[in-house]
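**Q** Here it is, the structure in full.
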Amino acid sequence: MGLIARCIEAAGIPTVSMTSAWDVTAAVRPPRSLYVHHPLGHQTGRPGDLPGQIALVRAALEAAPSLARGEIRALPFRWDAPGAEGWEARAYTAAEAPTGPDGKPVRG
Amino acid sequence: MGVRPRCYTVRMTGQEPSAAPHDAVPYIERTRRLYSTQAPYRWVHHDPEAEPSPWTPIRRPLADSRVALVASGGVHLASQEPFHFRNDVSHREIPLETENAELRVTHFGYDVRDARLDPGCVFPLAALRALAAEGAIAGLAGPALSFMGGIYSARLVRDELAPRLRDLVLRQRADLAYLVPA
């Protein structure tokens with residue numbers, strides 16, 4: 001997505017990108033990035049929580065004008081779903097690798 | 001449209017250094033370890049000095065801005081063809097009034113269970129509509145644009161997908177593009 005952000009920005013339209021993968025985003029360097037400490041697949045919030053999604057999107061859009069070029073800034077959103085403690089240790093490990101239609105792991 | 005700016009225009013430098021949060025998941029390292037038997041996934045890397053981020057200042061107040069949604073979570077209409085397994089650089093156009101119940105999710109690079117329960121986890125169309133209704137943004141530029149990330153070929157993204165999405169966002173006359181990966 002970072003490549004697409006850079007392409008749109010270069011055409012004269014400002015962009016703001018969400019991310020939950022700091023290292024990937026730091027490598028690609030989109031113009032403006034807002035990090036939420038959520039598992040992948042939840043960059044704009046929790047399922048069934050529209051008020052929380054609105055709050056997150058609002059915070060991101062409101063922060064956008066104050067971001068410096070290439071900055072990645074953490075927004076104060078943390079993943080605290082029930083039973084999710086320690087999710088960081090399990091993310092993208094063999095235990096939780098996403099699998100393709102053939103049952104073999106694929107890369108995101 | 002005359003001469004379009006090329007992607008990856010390099011202008012002035014002035015990149016903001018940022019420190020990763022201590023508990024950020026090391027996805028690049030874990031991906032390498034998890035799929036060590038396959039050819040390595042090559043993450044795109046831009047040197048901040050040699051290839052700084054393109055930059056267009058945000059001049060218009062948010063309340064006067066039409067926002068375009070571009071998302072890579074593999075969301076599509078139930079009536080549209082699902083995305084394919086690998087290197088699918090097609091996109092789907094999602095009408096702005098679409099309800100979540102009409103959306104489906106096809107993606108092989110992340111756990112889609114929650115996104116299938118509620119596409120708003122990765123495709124915040126309903127949230128953006130709510131912000132437009134209350135006047136926080138002027139409105140949405142549409143249709144919303146959706147594709148499936150996890151594309152192996154950076155060349156295909158650079159040469160096909162990115163310019164196509166750029167042209168669509170330009171045509172929508174959006175003031176700001178909101179990009180959501182998954």
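Chain labels follow the order of the structure tokens: the first chain is A, the next B, and so on; residue numbering restarts at 1 in every chain, and ligands are counted from 1 in their shown order.
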Give me, as JSON lines, each residue of region 50-129 of chain B that comes within 7 Å of region 23-42 of chain A, together with its shortest interatomic pair and the distance in Å at one decimal, counting only C-alpha atoms, with rows ordered by chain and rising residue number.
**A**
```
{"residue": "B:Ser53", "atom": "CA", "partner": "A:Pro31", "partner_atom": "CA", "distance": 5.0}
{"residue": "B:Pro54", "atom": "CA", "partner": "A:Pro31", "partner_atom": "CA", "distance": 6.2}
{"residue": "B:Trp55", "atom": "CA", "partner": "A:Pro31", "partner_atom": "CA", "distance": 6.2}
{"residue": "B:Tyr110", "atom": "CA", "partner": "A:Gly41", "partner_atom": "CA", "distance": 6.2}
{"residue": "B:Asp111", "atom": "CA", "partner": "A:Gly41", "partner_atom": "CA", "distance": 6.5}
{"residue": "B:Val112", "atom": "CA", "partner": "A:Gly41", "partner_atom": "CA", "distance": 6.6}
{"residue": "B:Ala115", "atom": "CA", "partner": "A:Gly41", "partner_atom": "CA", "distance": 6.7}
{"residue": "B:Cys121", "atom": "CA", "partner": "A:His42", "partner_atom": "CA", "distance": 4.7}
{"residue": "B:Val122", "atom": "CA", "partner": "A:His42", "partner_atom": "CA", "distance": 5.7}
```
**Q** DSSP says strand (DSSP E or B) for which residues of chain A? Put them as a count of residues only?
**A** 21
**Q** Give me, as a ChimeraX atom specification, all polymer residues having an atom no more than 10 Å from Leu131 (chain B), counting only C-alpha atoms and skipping those fewer than 5 positions away in the same chain.
**A** /A:54-55,57-58 /B:63,125-126,136-140
**Q** Take the residues from that selection and write them out as a PDB file, in the first residue's frame, keeping C-alpha atoms.
**A**
```pdb
ATOM      1  CA  ILE A  54     -15.364   6.117  13.920  1.00  0.00           C
ATOM      2  CA  ALA A  55     -13.134   7.319  16.767  1.00  0.00           C
ATOM      3  CA  VAL A  57     -10.720   7.040  11.686  1.00  0.00           C
ATOM      4  CA  ARG A  58     -11.487  10.480  13.102  1.00  0.00           C
TER       5      ARG A  58
ATOM      6  CA  ALA B  63     -14.386  19.703   7.233  1.00  0.00           C
ATOM      7  CA  LEU B 125     -16.815   2.967   4.740  1.00  0.00           C
ATOM      8  CA  ALA B 126     -19.524   3.131   7.429  1.00  0.00           C
ATOM      9  CA  ALA B 136     -16.247  16.259  10.276  1.00  0.00           C
ATOM     10  CA  ILE B 137     -15.416  15.742   6.586  1.00  0.00           C
ATOM     11  CA  ALA B 138     -17.175  17.324   3.597  1.00  0.00           C
ATOM     12  CA  GLY B 139     -18.006  13.934   2.137  1.00  0.00           C
ATOM     13  CA  LEU B 140     -16.622  10.859   0.475  1.00  0.00           C
TER      14      LEU B 140
END
```
**Q** For CA of Gly73 (chain B) and CA of Leu176 (chain B), determine how far apart the two atoms are, in Å to one decimal place.
**A** 19.6 Å
**Q** May I have the residues within 7 Å of Leu103 (chain B) as an NGL selection string, using only C-alpha atoms and disregarding those fewer than 4 positions away in the same chain?
**A** :B and (75-78)
**Q** Which of chain A counts as helix (DSSP H, G or I) under DSSP, as a PyMOL selection string please?
**A** chain A and resi 2-10+22-28+50-66+87-90+94-96
**Q** For the residues in that selection, give me C-alpha atoms as a tab-separated table (two decimals), in the first residue's frame.
**A**
```tsv
chain	number	residue	atom	x	y	z
A	2	GLY	CA	2.95	2.30	0.59
A	3	LEU	CA	3.78	2.27	-3.10
A	4	ILE	CA	0.24	3.37	-3.88
A	5	ALA	CA	0.34	6.12	-1.26
A	6	ARG	CA	3.54	7.46	-2.79
A	7	CYS	CA	2.07	7.33	-6.28
A	8	ILE	CA	-1.12	9.21	-5.34
A	9	GLU	CA	0.80	11.77	-3.30
A	10	ALA	CA	3.17	12.39	-6.22
A	22	TRP	CA	5.67	-0.56	11.73
A	23	ASP	CA	8.71	-2.24	10.21
A	24	VAL	CA	7.10	-2.76	6.81
A	25	THR	CA	5.87	0.83	6.73
A	26	ALA	CA	9.24	2.19	7.83
A	27	ALA	CA	10.83	0.38	4.89
A	28	VAL	CA	8.38	1.62	2.26
A	50	LEU	CA	-18.68	1.14	14.82
A	51	PRO	CA	-18.25	3.88	17.48
A	52	GLY	CA	-14.68	2.70	18.04
A	53	GLN	CA	-14.03	2.58	14.29
A	54	ILE	CA	-15.36	6.12	13.92
A	55	ALA	CA	-13.13	7.32	16.77
A	56	LEU	CA	-10.08	5.69	15.20
A	57	VAL	CA	-10.72	7.04	11.69
A	58	ARG	CA	-11.49	10.48	13.10
A	59	ALA	CA	-8.23	10.49	15.09
A	60	ALA	CA	-6.28	9.49	11.99
A	61	LEU	CA	-7.80	12.13	9.73
A	62	GLU	CA	-7.43	14.84	12.37
A	63	ALA	CA	-3.77	13.94	12.92
A	64	ALA	CA	-2.94	13.93	9.22
A	65	PRO	CA	-2.22	17.67	8.74
A	66	SER	CA	0.31	17.71	11.59
A	87	TRP	CA	-1.00	-11.55	20.78
A	88	GLU	CA	2.22	-9.91	19.63
A	89	ALA	CA	4.20	-13.08	20.39
A	90	ARG	CA	1.87	-15.24	18.31
A	94	ALA	CA	3.77	-21.01	12.63
A	95	ALA	CA	0.87	-21.25	15.09
A	96	GLU	CA	-1.11	-18.53	13.40
```
**Q** Using only C-alpha atoms, select each residue of chain B with any atom at most 7 Å away from an atom of chain A, and give the selection as a ChimeraX atom specification.
**A** /B:5,7-9,14-18,20,24-28,30-31,34,44-46,53-58,108-112,114-115,117-118,120-122,124,127,150,158,162-163,166,175-182
**Q** Quick check, in Å to one decimal: how far apart do CA of Leu161 (chain B) and CA of Leu145 (chain B) lie?
**A**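 Computed distance, CA of Leu161 (chain B) to CA of Leu145 (chain B), equals 11.3 Å.
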